[in-house]
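As structure tokens, the structure follows; a few thoughts come after it.
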Amino acid sequence: MGLALLIVVLKTIAIRKNDERYNNAARFWARIFGVNFIFGVITGIPMEFQFGTNWARFSKYAGGVIGHTLAMEGIFAFFLESAFLGLFLFGEKRLGRRGHWFASFMVFLGSWLSGYLIVATDAWMQRPGGYAVADDGTVYLSSFWALLLNEWAFWQYLHTMSGAVITGAFVMAALGAFYLLSNKLIEYGQIFVRVGVICAAIASVFQLFPSGDRQGKMIAFNQPVTLAAMEGLFKTEPGAALVIIGQPNTAEQKLDNPITVPYMLSVLTYRRWEAEVKGLDSFPRDQWPDNIPLLYYSYHIMVGLGTIFIAIAVIAALWLWRGRLFQSRWLLWILMLTVPFPYIANTAGWVTAEIGRQPWLVYGLMRTHEGFSPTVSSGNVLFTLLGFMGMYFVLGILFLYLIWREVEHGPLELSSRPFVAANSASSEEALE
Amino acid sequence: METLWFVLVGFMIVGYVVLDGFDLGAGAVYFIAAKTDVQRRMILNAIGPVWDGNEVWLLAAGGTLYFAFPMLYASSFSGFYLPLMMVLWLLILRGIGIELRSHGENPMWRAFFDVVFGGSSTLLAIFFGAALGNVIRGVPLNGEHYFFEPLWTDFTVSSNPGILDWYTVLTGLMALATLASHGALYVATKTEGDLMSRARHIASMLWWAVAALTIIGLAATLKVRPQVLDNYRNNFAGLLFPLLVAGSLLGMRLFRAKQNDKAAFICSCLYIAGMLGGVAYAMYPVLLPATTDPAYAITVYNAAAASYGLKVGIVWWSIGMAIAVSYFIFVYKTFKGKVTLEGESH
């Protein structure tokens, strides 16, 4: 999704500057996007099915509400995205320059719309609204706009999408740095680093403020027990400190080896030095998230990495502005090696959101253990879980292999690639 | 309102089978129709820009079903747990078969993904047919409207059936024949030369299988579930569907003989719509019959979501589908005509 935006940026520069190199760059990233999209589509279909297959009670309970956002995702976003991706990847000659730009824009729009609708679904599970309870105990939709315009969805969406842009931008910058360091495709390496670093700097700052800050407030006001667990705050205190590093000790209900910034948590949450922040001891045990260490670590990994991204991206942007970045090999090395970390940060962020919601499936309404399918036995679930693990393992290897091939080919003209030339020879043969 | 949503969900399922049906069918006849690498690439390019969009109809139909009839979604998806998971695996395999084949130039790489694509397409056609068979025959629902079906029991149609019994195997084969012929006709419209004539020949041969299986399938359905005639007896308007089926079946033969591939393909679309429409008409208002106690059946009335949601749904669904259909018209117009192989193709 981040890449979808970056492709639009490249296509726009290509048209404005009338520079064919940017078009080549866009085509190259479109091929990468294409590979990502295939794997995203085929692994995404199981997600929708799983609501019914594995979470039947939850689906029966909440389908009348979240069915709306899920069906809208299919009808408004997936149709848009898939139709225009076909046009974008295969129709450049038939569409012309502006038509092709438009196709890239529509792919971006589709993928970002789909992001909103799926986040709105999750936001309803985090902060349910716009529903009423029927006689049989299930919930039904009572306000369409309350479902769609959930404030939680708004901030979570911005936070998620900006995380996607950070990932796309760092990947682009990292590949550019790789080309520059290995001294090949210098021109394209510079384009990738320039576009990647600028976008990464903007997005990583936006990730902290306002989107991350506001997302944190949503949690503080709607799920205070989750906030306490995320921050490793076992005891309620005024002027609570912000933990930078430390290991939660759930047996003794304290934090081992803490390094903290005094008063900071109170300031960040309530904007007051002496504000009281509720710790875990203010809540009954059965409301606590099930796995406090996992929640605490995933949250701190996310925040820690996010801070490092800001540092790297801002320094690189300054060096770029001063015209020294392409000569600073140490900084290019850092940019290149950063590439896996945005993926880790995004995953950690989702773990924080979902583990943080526990023990609830729908916050305050339905417990997770009440939502599963009553007729599917654990043996069958294990069977299919193993099947998916095996298949995704193979898919992961294939994905890395394909991306590596594209990276090796680089953004050169297709006709200059040996294997396509061989294929077009064989298609001429067919015409004879 | 419930009835309207029954029709709309039915419309989306028909849309899915007609559209994704031809690229599934193209996969099912892939090995028989295409003998050389170039011909295989022609087939892949004929479906390349559209297969993914066609598959979205499945997702959109699933989503629509989910919010309009949440209980049906919950019950059927958990009850058909194992076959659905296999469908998902096959969909994954088919996707990588289509898309990854062209990413390698080694003949062994291509041969491997050929088998992945052809095999998964064939199996998917059979699975979807068997799924429809299960829905017509009914499933062992309990008092809470849940069920779980094993893959097979003793292959007879009883009150404790499996996913596969003689009836659902028959409907699976029927779907395979129908979609293979559908796919062959589509390939004929999109290609030229040797490949086109072979696709035409396959379609001609498969027509006999489709016609024979239509008659056998009808007879078997009457035996397994004689109630299907009730709605037709009560209201003769439903006879439109059998007439559509018979007419389009004849049309398929006629236009095939006249070498008019496009018209034959359209007849094949109408045939599929007629068959599925006929089933839906016969089933209404039941969505999923029970083999245990008819009172446990899931109907449009006991499964529908609350009326506010259904009304709001009409508004956004109509807008969304109008836009989506216009994309499809635009995409198919952009890629109309016979396939040519270019640098950026599969």
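In the structure tokens, the first chain shown is A, the next is B, and so on; residue numbers restart at 1 for each chain, and ligands run from 1 in the order shown.
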Compute the chain B side of the contact with chain A at 7 Å, counting only C-alpha atoms, and hand it back as a ChimeraX atom specification. /B:38,49-50,52-53,56,59-60,63-64,66-68,70-71,73-75,77-79,81,85,88,91-92,95,105,146-148,305-306,308-309,320-321,324,327-328,331,341-345
As a ChimeraX atom specification, please: all residues of range 71-285 of chain A that backbone DSSP puts in strand (DSSP E or B). /A:131-133,139-141,237-238,242-249,254-261,276-277
May I have all residues of range 190-416 of chain A that DSSP, computed from the backbone, assigns to alpha helix (DSSP H), given as a ChimeraX atom specification? /A:190-206,213-222,224-230,264-270,292-321,329-337,340-357,378-409
When you draw a straight line from CA of Trp319 in chain A to CA of Leu175 in chain A, how long is it in Å? 17.9 Å
Would you list the contacts of Ala348 in chain A as a VMD selection string, taking every protein, DNA or RNA residue within 9 Å and counting only C-alpha atoms, but skipping same-chain residues closer than 5 positions in sequence? chain A and resid 295 297 to 302 343 353
Output of the above residues as a PDB file, in the first residue's frame, restricted to N, CA and C atoms:
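What landed in out-v2.pdb:
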```pdb
ATOM      1  N   LEU A 295       2.617  -8.274  24.983  1.00  0.00           N
ATOM      2  CA  LEU A 295       2.046  -6.972  24.655  1.00  0.00           C
ATOM      3  C   LEU A 295       3.058  -5.862  24.919  1.00  0.00           C
ATOM      4  N   TYR A 297       6.366  -6.063  25.120  1.00  0.00           N
ATOM      5  CA  TYR A 297       7.524  -6.075  24.224  1.00  0.00           C
ATOM      6  C   TYR A 297       7.146  -5.633  22.812  1.00  0.00           C
ATOM      7  N   SER A 298       6.011  -6.106  22.310  1.00  0.00           N
ATOM      8  CA  SER A 298       5.690  -5.730  20.932  1.00  0.00           C
ATOM      9  C   SER A 298       5.471  -4.224  20.851  1.00  0.00           C
ATOM     10  N   TYR A 299       4.846  -3.648  21.877  1.00  0.00           N
ATOM     11  CA  TYR A 299       4.642  -2.196  21.879  1.00  0.00           C
ATOM     12  C   TYR A 299       5.986  -1.460  21.929  1.00  0.00           C
ATOM     13  N   HIS A 300       6.883  -1.927  22.796  1.00  0.00           N
ATOM     14  CA  HIS A 300       8.166  -1.223  22.902  1.00  0.00           C
ATOM     15  C   HIS A 300       9.042  -1.427  21.678  1.00  0.00           C
ATOM     16  N   ILE A 301       8.943  -2.596  21.052  1.00  0.00           N
ATOM     17  CA  ILE A 301       9.699  -2.795  19.803  1.00  0.00           C
ATOM     18  C   ILE A 301       9.189  -1.818  18.744  1.00  0.00           C
ATOM     19  N   MET A 302       7.862  -1.698  18.642  1.00  0.00           N
ATOM     20  CA  MET A 302       7.281  -0.785  17.654  1.00  0.00           C
ATOM     21  C   MET A 302       7.757   0.643  17.889  1.00  0.00           C
ATOM     22  N   TYR A 343       9.114  -3.791   8.494  1.00  0.00           N
ATOM     23  CA  TYR A 343       8.199  -4.946   8.514  1.00  0.00           C
ATOM     24  C   TYR A 343       7.987  -5.421   9.950  1.00  0.00           C
ATOM     25  N   ALA A 353      -2.000  -4.109  18.923  1.00  0.00           N
ATOM     26  CA  ALA A 353      -3.429  -3.806  18.829  1.00  0.00           C
ATOM     27  C   ALA A 353      -4.282  -5.019  19.184  1.00  0.00           C
TER      28      ALA A 353
END
```
Write out as number ranges by chain the residues lying within 7 Å of range 207-223 of chain A, counting only C-alpha atoms and excluding same-chain residues fewer than 6 positions away. A: 152, 155-156, 158-159, 162-163, 269
Residues as selected, N, CA and C atoms, written as a PDB file, in the first residue's frame, can you do that?
```pdb
ATOM      1  N   TRP A 152     -11.847   5.905  16.387  1.00  0.00           N
ATOM      2  CA  TRP A 152     -10.725   4.963  16.502  1.00  0.00           C
ATOM      3  C   TRP A 152     -10.212   4.599  15.111  1.00  0.00           C
ATOM      4  N   TRP A 155      -7.840   7.367  13.424  1.00  0.00           N
ATOM      5  CA  TRP A 155      -6.430   7.446  13.843  1.00  0.00           C
ATOM      6  C   TRP A 155      -5.687   6.156  13.555  1.00  0.00           C
ATOM      7  N   GLN A 156      -6.364   5.042  13.761  1.00  0.00           N
ATOM      8  CA  GLN A 156      -5.689   3.772  13.486  1.00  0.00           C
ATOM      9  C   GLN A 156      -5.350   3.662  12.001  1.00  0.00           C
ATOM     10  N   LEU A 158      -4.750   6.218   9.853  1.00  0.00           N
ATOM     11  CA  LEU A 158      -3.601   7.066   9.517  1.00  0.00           C
ATOM     12  C   LEU A 158      -2.306   6.424  10.000  1.00  0.00           C
ATOM     13  N   HIS A 159      -2.353   5.847  11.192  1.00  0.00           N
ATOM     14  CA  HIS A 159      -1.170   5.220  11.760  1.00  0.00           C
ATOM     15  C   HIS A 159      -0.738   4.024  10.911  1.00  0.00           C
ATOM     16  N   SER A 162       0.482   5.224   7.337  1.00  0.00           N
ATOM     17  CA  SER A 162       1.777   5.865   7.388  1.00  0.00           C
ATOM     18  C   SER A 162       2.864   4.821   7.656  1.00  0.00           C
ATOM     19  N   GLY A 163       2.516   3.775   8.428  1.00  0.00           N
ATOM     20  CA  GLY A 163       3.449   2.653   8.589  1.00  0.00           C
ATOM     21  C   GLY A 163       3.740   1.981   7.259  1.00  0.00           C
ATOM     22  N   THR A 269       0.096  11.294  27.998  1.00  0.00           N
ATOM     23  CA  THR A 269      -1.283  10.839  27.969  1.00  0.00           C
ATOM     24  C   THR A 269      -2.266  11.951  28.275  1.00  0.00           C
TER      25      THR A 269
END
```
